[in-house]
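K.L.:
Have a look at this one.
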2 protein chains.
Amino acid sequence: MKAYKSFCPQYLALDVIGDKWSLLIIRDMMLEGKKYFREFLASKESIATNILSNRLKALEAEEIIYKKPDPDHKQKIVYLLTEKGIDLFPIIMENARWSLKYQPVDQNDAKEAQAILDGGPMKIQSIMEYLKRIHLDN
Amino acid sequence: MKAYKSFCPQYLALDVIGDKWSLLIIRDMMLEGKKYFREFLASKESIATNILSNRLKALEAEEIIYKKPDPDHKQKIVYLLTEKGIDLFPIIMENARWSLKYQPVDQNDAKEAQAILDGGPMKIQSIMEYLKRIHLDN
DNA sequence: AAAAACCGATTGCAAAATACAACCAGTTTT
DNA sequence: AAAACTGGTTGTATTTTGCAATCGGTTTTT
């Protein structure tokens, strides 16, 4: 059992995603289709192997992601999102909306994000349903 | 000038709010009307004075908040939100929505958050306009 | 079959962020 | 005049993050 400092919604969310790396890994899973350790390692922000390893373990412990062996490659491990993880997508998009308004976002990234936001809530929902089809094993 | 690792929307948002404390301070400003150092200090999660001091400085440097002397008390300092800060409210509400679904949120906090979420985007917008009237000096 | 490259990591060490407790000078209240 | 309150700072300990090298096992290339 975990010793929470409070049971406020904000605190309980930050307890899981309140760090510099977790949402970037989830971003790569959602928006770039990454699923292997080495793919995450090659992110724009160049995460270190030990930190990536730690974050993946923490996200797995929180049931944001889960892993399974790659059927085609005995050594590879496939990292996939749970429903709890996929439901972080609206947070990611609100982060993006805020950054587009106030931060020096790269123009290509901005166009991609703006395209989703222009689609409104329905666009976000359809992306989440797409992610569920790919990540959840039914 | 700041040395960013990337110019991705997620990274640029996490650069500002990707820590355990910043959003909790902003939550207290938005939802509990706190504006003094000692009020933030008395948060549910009991932040330390030096960390609070650091976070307030960082948030001020990012122009999320600003401060001004209290007109009625020479020693007091009033901390207020900028528009950039008030625009973080949708992120806070998406965090809350996610926590309500997946985390062991306190029942009273849950009711308060749920009431806002049930009001839909218009409710969120009206709270933001209320915050603008209180925090922005026009 | 041997060598090289690739797989998800772990280990050791340095640096930075966070946490705790004590304290401080100036201001206001008692 | 004393006590309590204001927004902090300082020192120290612990935890988290960052960097570089390395590892045993697997797959691919030669």
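By order in the structure tokens, chains are A, B, ...; within a chain, residues start at 1; ligands start at 1, following the order shown.
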Using all C-alpha atoms paired in order, least-squares fit chain B onto chain A and give me the moved copy as a compact mmCIF listing (two decimals) with N, CA and C atoms, in the first residue's frame.

P.N.:
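Now in out_6.txt:
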```
# COMPACT_ATOMS: atom_id res chain seq x y z
N MET B 1 0.77 -1.19 0.05
CA MET B 1 -0.06 0.04 0.06
C MET B 1 0.83 1.27 0.06
N LYS B 2 0.35 2.29 -0.62
CA LYS B 2 1.10 3.51 -0.80
C LYS B 2 0.68 4.57 0.23
N ALA B 3 1.65 5.36 0.68
CA ALA B 3 1.35 6.39 1.68
C ALA B 3 1.14 7.74 1.00
N TYR B 4 -0.07 8.06 0.66
CA TYR B 4 -0.37 9.33 -0.01
C TYR B 4 -0.36 10.48 0.99
N LYS B 5 0.11 11.64 0.54
CA LYS B 5 0.09 12.84 1.38
C LYS B 5 -1.31 13.44 1.47
N SER B 6 -2.09 13.23 0.42
CA SER B 6 -3.49 13.66 0.46
C SER B 6 -4.27 12.83 -0.53
N PHE B 7 -5.56 13.04 -0.59
CA PHE B 7 -6.39 12.29 -1.53
C PHE B 7 -7.13 13.26 -2.45
N CYS B 8 -6.45 14.38 -2.72
CA CYS B 8 -6.94 15.38 -3.66
C CYS B 8 -6.67 14.91 -5.08
N PRO B 9 -7.60 15.16 -6.00
CA PRO B 9 -7.42 14.74 -7.39
C PRO B 9 -6.10 15.20 -8.00
N GLN B 10 -5.73 16.45 -7.78
CA GLN B 10 -4.47 16.95 -8.35
C GLN B 10 -3.28 16.17 -7.84
N TYR B 11 -3.23 16.04 -6.53
CA TYR B 11 -2.09 15.34 -5.94
C TYR B 11 -1.99 13.91 -6.48
N LEU B 12 -3.12 13.24 -6.56
CA LEU B 12 -3.13 11.84 -6.99
C LEU B 12 -2.76 11.68 -8.46
N ALA B 13 -3.04 12.69 -9.27
CA ALA B 13 -2.60 12.66 -10.66
C ALA B 13 -1.10 12.93 -10.74
N LEU B 14 -0.64 13.95 -10.01
CA LEU B 14 0.77 14.30 -10.04
C LEU B 14 1.64 13.20 -9.46
N ASP B 15 1.08 12.43 -8.56
CA ASP B 15 1.81 11.30 -8.00
C ASP B 15 2.23 10.33 -9.11
N VAL B 16 1.43 10.25 -10.17
CA VAL B 16 1.71 9.32 -11.27
C VAL B 16 2.45 10.00 -12.42
N ILE B 17 1.99 11.19 -12.82
CA ILE B 17 2.56 11.83 -14.01
C ILE B 17 3.31 13.13 -13.71
N GLY B 18 3.54 13.41 -12.43
CA GLY B 18 4.18 14.68 -12.05
C GLY B 18 5.70 14.59 -12.09
N ASP B 19 6.25 14.29 -13.25
CA ASP B 19 7.70 14.28 -13.41
C ASP B 19 8.02 14.66 -14.85
N LYS B 20 9.30 14.75 -15.18
CA LYS B 20 9.68 15.29 -16.49
C LYS B 20 9.58 14.27 -17.61
N TRP B 21 9.49 12.99 -17.31
CA TRP B 21 9.65 11.99 -18.36
C TRP B 21 8.42 11.16 -18.68
N SER B 22 7.60 10.84 -17.70
CA SER B 22 6.50 9.88 -17.91
C SER B 22 5.61 10.25 -19.09
N LEU B 23 5.16 11.49 -19.14
CA LEU B 23 4.25 11.88 -20.22
C LEU B 23 4.94 11.92 -21.58
N LEU B 24 6.26 12.10 -21.58
CA LEU B 24 6.98 12.08 -22.86
C LEU B 24 7.01 10.66 -23.43
N ILE B 25 7.20 9.69 -22.55
CA ILE B 25 7.16 8.29 -22.99
C ILE B 25 5.78 7.95 -23.52
N ILE B 26 4.76 8.38 -22.79
CA ILE B 26 3.38 8.10 -23.20
C ILE B 26 3.04 8.81 -24.50
N ARG B 27 3.53 10.04 -24.65
CA ARG B 27 3.40 10.76 -25.91
C ARG B 27 3.96 9.95 -27.07
N ASP B 28 5.17 9.39 -26.90
CA ASP B 28 5.79 8.60 -27.97
C ASP B 28 4.96 7.36 -28.29
N MET B 29 4.36 6.76 -27.27
CA MET B 29 3.51 5.59 -27.52
C MET B 29 2.26 5.99 -28.29
N MET B 30 1.65 7.12 -27.90
CA MET B 30 0.37 7.52 -28.49
C MET B 30 0.54 8.13 -29.87
N LEU B 31 1.51 9.04 -30.01
CA LEU B 31 1.59 9.85 -31.22
C LEU B 31 2.61 9.34 -32.23
N GLU B 32 3.56 8.52 -31.78
CA GLU B 32 4.57 8.03 -32.71
C GLU B 32 4.59 6.52 -32.83
N GLY B 33 3.66 5.87 -32.14
CA GLY B 33 3.52 4.42 -32.27
C GLY B 33 4.70 3.61 -31.75
N LYS B 34 5.49 4.21 -30.86
CA LYS B 34 6.64 3.47 -30.33
C LYS B 34 6.18 2.41 -29.33
N LYS B 35 6.90 1.27 -29.34
CA LYS B 35 6.57 0.23 -28.38
C LYS B 35 7.78 -0.55 -27.87
N TYR B 36 8.98 -0.24 -28.36
CA TYR B 36 10.18 -0.95 -27.89
C TYR B 36 11.10 -0.01 -27.12
N PHE B 37 11.81 -0.62 -26.18
CA PHE B 37 12.78 0.10 -25.34
C PHE B 37 13.68 1.02 -26.16
N ARG B 38 14.26 0.47 -27.19
CA ARG B 38 15.22 1.25 -28.00
C ARG B 38 14.54 2.38 -28.77
N GLU B 39 13.26 2.21 -29.05
CA GLU B 39 12.53 3.30 -29.71
C GLU B 39 12.36 4.48 -28.76
N PHE B 40 11.96 4.18 -27.51
CA PHE B 40 11.82 5.25 -26.52
C PHE B 40 13.16 5.94 -26.28
N LEU B 41 14.21 5.14 -26.28
CA LEU B 41 15.55 5.67 -26.05
C LEU B 41 15.93 6.73 -27.08
N ALA B 42 15.37 6.59 -28.28
CA ALA B 42 15.71 7.50 -29.37
C ALA B 42 14.80 8.72 -29.43
N SER B 43 14.21 9.10 -28.30
CA SER B 43 13.32 10.26 -28.29
C SER B 43 14.09 11.55 -28.52
N LYS B 44 13.37 12.58 -28.94
CA LYS B 44 13.98 13.89 -29.19
C LYS B 44 14.76 14.40 -27.99
N GLU B 45 14.25 14.09 -26.78
CA GLU B 45 14.86 14.63 -25.57
C GLU B 45 15.97 13.75 -25.01
N SER B 46 16.27 12.64 -25.69
CA SER B 46 17.35 11.72 -25.33
C SER B 46 17.37 11.34 -23.85
N ILE B 47 16.49 10.43 -23.50
CA ILE B 47 16.42 9.90 -22.14
C ILE B 47 17.52 8.87 -21.92
N ALA B 48 18.03 8.79 -20.70
CA ALA B 48 19.08 7.81 -20.39
C ALA B 48 18.46 6.43 -20.15
N THR B 49 19.26 5.39 -20.36
CA THR B 49 18.72 4.03 -20.27
C THR B 49 18.20 3.70 -18.87
N ASN B 50 18.93 4.09 -17.85
CA ASN B 50 18.48 3.74 -16.49
C ASN B 50 17.21 4.48 -16.10
N ILE B 51 17.09 5.73 -16.55
CA ILE B 51 15.88 6.49 -16.24
C ILE B 51 14.69 5.93 -17.00
N LEU B 52 14.91 5.59 -18.27
CA LEU B 52 13.83 4.96 -19.04
C LEU B 52 13.38 3.68 -18.37
N SER B 53 14.36 2.88 -17.97
CA SER B 53 14.05 1.62 -17.28
C SER B 53 13.22 1.87 -16.02
N ASN B 54 13.64 2.85 -15.22
CA ASN B 54 12.89 3.20 -14.01
C ASN B 54 11.47 3.64 -14.30
N ARG B 55 11.32 4.54 -15.28
CA ARG B 55 10.01 5.09 -15.62
C ARG B 55 9.07 4.00 -16.12
N LEU B 56 9.61 3.10 -16.97
CA LEU B 56 8.77 2.01 -17.50
C LEU B 56 8.28 1.13 -16.36
N LYS B 57 9.17 0.86 -15.41
CA LYS B 57 8.77 0.05 -14.25
C LYS B 57 7.69 0.75 -13.43
N ALA B 58 7.89 2.06 -13.22
CA ALA B 58 6.92 2.83 -12.43
C ALA B 58 5.57 2.88 -13.13
N LEU B 59 5.59 3.12 -14.44
CA LEU B 59 4.34 3.19 -15.20
C LEU B 59 3.64 1.83 -15.22
N GLU B 60 4.42 0.78 -15.24
CA GLU B 60 3.83 -0.55 -15.20
C GLU B 60 3.21 -0.81 -13.82
N ALA B 61 3.91 -0.38 -12.77
CA ALA B 61 3.39 -0.56 -11.41
C ALA B 61 2.09 0.21 -11.22
N GLU B 62 1.96 1.36 -11.90
CA GLU B 62 0.73 2.17 -11.80
C GLU B 62 -0.33 1.69 -12.78
N GLU B 63 -0.01 0.67 -13.53
CA GLU B 63 -0.94 0.11 -14.53
C GLU B 63 -1.33 1.10 -15.61
N ILE B 64 -0.36 1.97 -15.95
CA ILE B 64 -0.53 2.88 -17.09
C ILE B 64 -0.13 2.15 -18.36
N ILE B 65 0.88 1.30 -18.25
CA ILE B 65 1.33 0.47 -19.37
C ILE B 65 1.44 -0.97 -18.90
N TYR B 66 1.57 -1.88 -19.85
CA TYR B 66 1.91 -3.27 -19.53
C TYR B 66 2.84 -3.77 -20.60
N LYS B 67 3.52 -4.86 -20.34
CA LYS B 67 4.46 -5.36 -21.34
C LYS B 67 4.21 -6.84 -21.62
N LYS B 68 4.62 -7.23 -22.81
CA LYS B 68 4.51 -8.65 -23.17
C LYS B 68 5.63 -8.99 -24.14
N PRO B 69 6.02 -10.25 -24.20
CA PRO B 69 7.09 -10.62 -25.13
C PRO B 69 6.65 -10.45 -26.57
N ASP B 70 7.61 -10.05 -27.42
CA ASP B 70 7.31 -9.91 -28.84
C ASP B 70 7.20 -11.30 -29.46
N PRO B 71 6.09 -11.57 -30.15
CA PRO B 71 5.91 -12.91 -30.73
C PRO B 71 6.95 -13.24 -31.80
N ASP B 72 7.47 -12.21 -32.48
CA ASP B 72 8.39 -12.46 -33.60
C ASP B 72 9.87 -12.38 -33.23
N HIS B 73 10.16 -12.10 -31.97
CA HIS B 73 11.54 -11.84 -31.60
C HIS B 73 11.69 -12.13 -30.11
N LYS B 74 12.37 -13.23 -29.82
CA LYS B 74 12.42 -13.73 -28.43
C LYS B 74 12.97 -12.74 -27.43
N GLN B 75 13.84 -11.84 -27.89
CA GLN B 75 14.48 -10.92 -26.96
C GLN B 75 13.69 -9.63 -26.77
N LYS B 76 12.90 -9.27 -27.74
CA LYS B 76 12.19 -8.00 -27.68
C LYS B 76 11.01 -8.03 -26.72
N ILE B 77 10.73 -6.87 -26.10
CA ILE B 77 9.58 -6.71 -25.22
C ILE B 77 8.71 -5.61 -25.78
N VAL B 78 7.42 -5.87 -25.91
CA VAL B 78 6.48 -4.88 -26.42
C VAL B 78 5.84 -4.16 -25.25
N TYR B 79 5.96 -2.83 -25.23
CA TYR B 79 5.30 -2.02 -24.21
C TYR B 79 4.02 -1.44 -24.78
N LEU B 80 2.89 -1.65 -24.07
CA LEU B 80 1.59 -1.18 -24.57
C LEU B 80 0.85 -0.41 -23.50
N LEU B 81 -0.09 0.42 -23.91
CA LEU B 81 -0.89 1.22 -22.99
C LEU B 81 -2.09 0.42 -22.48
N THR B 82 -2.43 0.64 -21.22
CA THR B 82 -3.70 0.14 -20.67
C THR B 82 -4.78 1.19 -20.94
N GLU B 83 -6.01 0.89 -20.58
CA GLU B 83 -7.08 1.88 -20.72
C GLU B 83 -6.79 3.10 -19.84
N LYS B 84 -6.29 2.81 -18.64
CA LYS B 84 -5.90 3.89 -17.71
C LYS B 84 -4.85 4.80 -18.35
N GLY B 85 -3.96 4.22 -19.13
CA GLY B 85 -2.96 5.00 -19.82
C GLY B 85 -3.53 5.78 -20.99
N ILE B 86 -4.38 5.12 -21.76
CA ILE B 86 -4.99 5.80 -22.91
C ILE B 86 -5.84 6.97 -22.46
N ASP B 87 -6.44 6.85 -21.26
CA ASP B 87 -7.27 7.95 -20.75
C ASP B 87 -6.45 9.17 -20.33
N LEU B 88 -5.14 9.09 -20.42
CA LEU B 88 -4.30 10.28 -20.19
C LEU B 88 -4.25 11.19 -21.41
N PHE B 89 -4.77 10.71 -22.52
CA PHE B 89 -4.68 11.49 -23.76
C PHE B 89 -5.30 12.89 -23.67
N PRO B 90 -6.47 13.04 -23.06
CA PRO B 90 -7.00 14.41 -22.92
C PRO B 90 -6.08 15.35 -22.14
N ILE B 91 -5.38 14.83 -21.15
CA ILE B 91 -4.43 15.67 -20.41
C ILE B 91 -3.31 16.11 -21.35
N ILE B 92 -2.80 15.17 -22.12
CA ILE B 92 -1.74 15.49 -23.08
C ILE B 92 -2.20 16.55 -24.07
N MET B 93 -3.45 16.45 -24.52
CA MET B 93 -3.93 17.44 -25.49
C MET B 93 -4.15 18.81 -24.84
N GLU B 94 -4.55 18.84 -23.58
CA GLU B 94 -4.67 20.14 -22.90
C GLU B 94 -3.29 20.75 -22.66
N ASN B 95 -2.32 19.93 -22.34
CA ASN B 95 -0.93 20.42 -22.26
C ASN B 95 -0.51 21.03 -23.58
N ALA B 96 -0.84 20.33 -24.67
CA ALA B 96 -0.46 20.81 -26.00
C ALA B 96 -1.15 22.14 -26.31
N ARG B 97 -2.44 22.22 -25.99
CA ARG B 97 -3.20 23.45 -26.26
C ARG B 97 -2.55 24.64 -25.55
N TRP B 98 -2.16 24.39 -24.29
CA TRP B 98 -1.54 25.46 -23.51
C TRP B 98 -0.18 25.86 -24.09
N SER B 99 0.62 24.86 -24.44
CA SER B 99 1.94 25.15 -25.01
C SER B 99 1.84 25.89 -26.33
N LEU B 100 0.84 25.51 -27.15
CA LEU B 100 0.67 26.19 -28.44
C LEU B 100 0.40 27.67 -28.23
N LYS B 101 -0.30 27.98 -27.14
CA LYS B 101 -0.66 29.37 -26.88
C LYS B 101 0.49 30.18 -26.27
N TYR B 102 1.34 29.51 -25.47
CA TYR B 102 2.30 30.28 -24.68
C TYR B 102 3.77 29.91 -24.85
N GLN B 103 4.06 28.78 -25.45
CA GLN B 103 5.45 28.32 -25.52
C GLN B 103 5.95 28.30 -26.96
N PRO B 104 7.28 28.31 -27.13
CA PRO B 104 7.86 28.37 -28.49
C PRO B 104 7.87 27.01 -29.18
N VAL B 105 6.69 26.50 -29.48
CA VAL B 105 6.55 25.17 -30.05
C VAL B 105 7.09 25.13 -31.49
N ASP B 106 7.79 24.05 -31.81
CA ASP B 106 8.26 23.81 -33.18
C ASP B 106 7.08 23.79 -34.15
N GLN B 107 7.31 24.36 -35.33
CA GLN B 107 6.20 24.59 -36.25
C GLN B 107 5.56 23.29 -36.74
N ASN B 108 6.37 22.28 -37.01
CA ASN B 108 5.81 21.01 -37.46
C ASN B 108 4.98 20.34 -36.37
N ASP B 109 5.53 20.31 -35.16
CA ASP B 109 4.80 19.77 -34.02
C ASP B 109 3.50 20.54 -33.81
N ALA B 110 3.59 21.85 -33.97
CA ALA B 110 2.42 22.70 -33.75
C ALA B 110 1.31 22.35 -34.73
N LYS B 111 1.68 22.17 -35.97
CA LYS B 111 0.68 21.84 -36.99
C LYS B 111 -0.03 20.52 -36.68
N GLU B 112 0.77 19.54 -36.27
CA GLU B 112 0.21 18.23 -35.93
C GLU B 112 -0.76 18.33 -34.76
N ALA B 113 -0.35 19.05 -33.72
CA ALA B 113 -1.21 19.18 -32.53
C ALA B 113 -2.46 19.99 -32.85
N GLN B 114 -2.27 21.06 -33.62
CA GLN B 114 -3.39 21.92 -33.95
C GLN B 114 -4.45 21.16 -34.75
N ALA B 115 -3.98 20.27 -35.63
CA ALA B 115 -4.93 19.48 -36.43
C ALA B 115 -5.85 18.65 -35.54
N ILE B 116 -5.27 18.08 -34.49
CA ILE B 116 -6.09 17.28 -33.56
C ILE B 116 -7.04 18.18 -32.79
N LEU B 117 -6.51 19.29 -32.27
CA LEU B 117 -7.35 20.19 -31.48
C LEU B 117 -8.48 20.78 -32.31
N ASP B 118 -8.20 21.05 -33.58
CA ASP B 118 -9.24 21.59 -34.46
C ASP B 118 -10.38 20.59 -34.67
N GLY B 119 -10.05 19.30 -34.53
CA GLY B 119 -11.08 18.28 -34.68
C GLY B 119 -12.05 18.20 -33.50
N GLY B 120 -11.72 18.92 -32.42
CA GLY B 120 -12.60 18.96 -31.27
C GLY B 120 -12.62 17.66 -30.48
N PRO B 121 -13.53 17.60 -29.49
CA PRO B 121 -13.60 16.42 -28.59
C PRO B 121 -13.82 15.11 -29.35
N MET B 122 -14.55 15.17 -30.48
CA MET B 122 -14.81 13.93 -31.23
C MET B 122 -13.53 13.38 -31.84
N LYS B 123 -12.66 14.27 -32.30
CA LYS B 123 -11.37 13.83 -32.86
C LYS B 123 -10.53 13.14 -31.78
N ILE B 124 -10.50 13.75 -30.61
CA ILE B 124 -9.74 13.17 -29.50
C ILE B 124 -10.29 11.81 -29.13
N GLN B 125 -11.61 11.73 -29.09
CA GLN B 125 -12.24 10.45 -28.75
C GLN B 125 -11.93 9.38 -29.79
N SER B 126 -11.91 9.76 -31.06
CA SER B 126 -11.67 8.76 -32.10
C SER B 126 -10.22 8.28 -32.06
N ILE B 127 -9.30 9.15 -31.71
CA ILE B 127 -7.91 8.72 -31.55
C ILE B 127 -7.78 7.75 -30.38
N MET B 128 -8.51 8.06 -29.30
CA MET B 128 -8.46 7.16 -28.14
C MET B 128 -9.04 5.79 -28.48
N GLU B 129 -10.07 5.77 -29.30
CA GLU B 129 -10.63 4.46 -29.67
C GLU B 129 -9.69 3.69 -30.59
N TYR B 130 -8.99 4.43 -31.44
CA TYR B 130 -7.95 3.81 -32.26
C TYR B 130 -6.86 3.21 -31.39
N LEU B 131 -6.43 3.97 -30.37
CA LEU B 131 -5.39 3.46 -29.47
C LEU B 131 -5.86 2.22 -28.73
N LYS B 132 -7.13 2.21 -28.34
CA LYS B 132 -7.65 1.03 -27.64
C LYS B 132 -7.60 -0.20 -28.52
N ARG B 133 -7.91 -0.03 -29.79
CA ARG B 133 -7.88 -1.18 -30.69
C ARG B 133 -6.46 -1.74 -30.83
N ILE B 134 -5.48 -0.84 -30.84
CA ILE B 134 -4.10 -1.29 -31.03
C ILE B 134 -3.47 -1.83 -29.74
N HIS B 135 -3.77 -1.16 -28.62
CA HIS B 135 -3.03 -1.47 -27.40
C HIS B 135 -3.71 -2.50 -26.49
N LEU B 136 -5.01 -2.51 -26.47
CA LEU B 136 -5.70 -3.44 -25.56
C LEU B 136 -5.89 -4.78 -26.26
N ASP B 137 -5.60 -5.86 -25.55
CA ASP B 137 -5.75 -7.17 -26.17
C ASP B 137 -7.10 -7.78 -25.80
N ASN B 138 -7.98 -7.80 -26.78
CA ASN B 138 -9.30 -8.39 -26.55
C ASN B 138 -9.53 -9.59 -27.45
```

K.L.:
I need the helix (DSSP H, G or I) residues of chain A per DSSP on the backbone, written as a ChimeraX atom specification.

P.N.:
/A:9-17,22-32,37-41,49-61,83-86,89-102,107-118,120-135

K.L.:
Taking only C-alpha atoms (C1' of nucleotides) into account, which residues of chain D are within 9 Å of chain B, as an NGL selection string?

P.N.:
:D and (6-9)

K.L.:
Please, could you write that set of residues out with C-alpha atoms (C1' of nucleotides) as a CSV table (one decimal), in the first residue's frame?

P.N.:
```csv
chain,number,residue,atom,x,y,z
D,6,DT,C1',5.3,38.2,7.8
D,7,DG,C1',8.0,36.1,3.8
D,8,DG,C1',11.7,34.1,3.6
D,9,DT,C1',17.2,32.0,4.2
```

K.L.:
Enumerate, in order of chain and increasing residue number, the residues of chain C with an atom no farther than 8 Å from chain B, each with its shortest atom pair and distance in Å to one decimal, counting only C-alpha atoms (C1' of nucleotides), as a Markdown table.

P.N.:
```
| residue | atom | partner | partner_atom | distance |
| --- | --- | --- | --- | --- |
| C:DT18 | C1' | B:Ile51 | CA | 7.6 |
| C:DA19 | C1' | B:Ala48 | CA | 7.4 |
| C:DC20 | C1' | B:Ala48 | CA | 7.9 |
| C:DG26 | C1' | B:Gln75 | CA | 7.9 |
| C:DT27 | C1' | B:Gln75 | CA | 6.1 |
```

K.L.:
What are the DSSP strand (DSSP E) residues of chain B, as a ChimeraX atom specification?

P.N.:
/B:65-69,77-81

K.L.:
Can you spit out the residues from that selection as a compact mmCIF listing (two decimals), in the first residue's frame, using C-alpha atoms?

P.N.:
```txt
# COMPACT_ATOMS: atom_id res chain seq x y z
CA ILE B 65 2.01 34.11 -11.35
CA TYR B 66 3.03 37.61 -10.31
CA LYS B 67 3.27 39.28 -6.94
CA LYS B 68 2.51 42.67 -5.50
CA PRO B 69 2.62 44.24 -2.04
CA ILE B 77 2.89 39.90 -0.41
CA VAL B 78 -0.08 38.99 -2.59
CA TYR B 79 0.53 36.23 -5.13
CA LEU B 80 -1.82 36.31 -8.14
CA LEU B 81 -2.30 34.36 -11.37
```
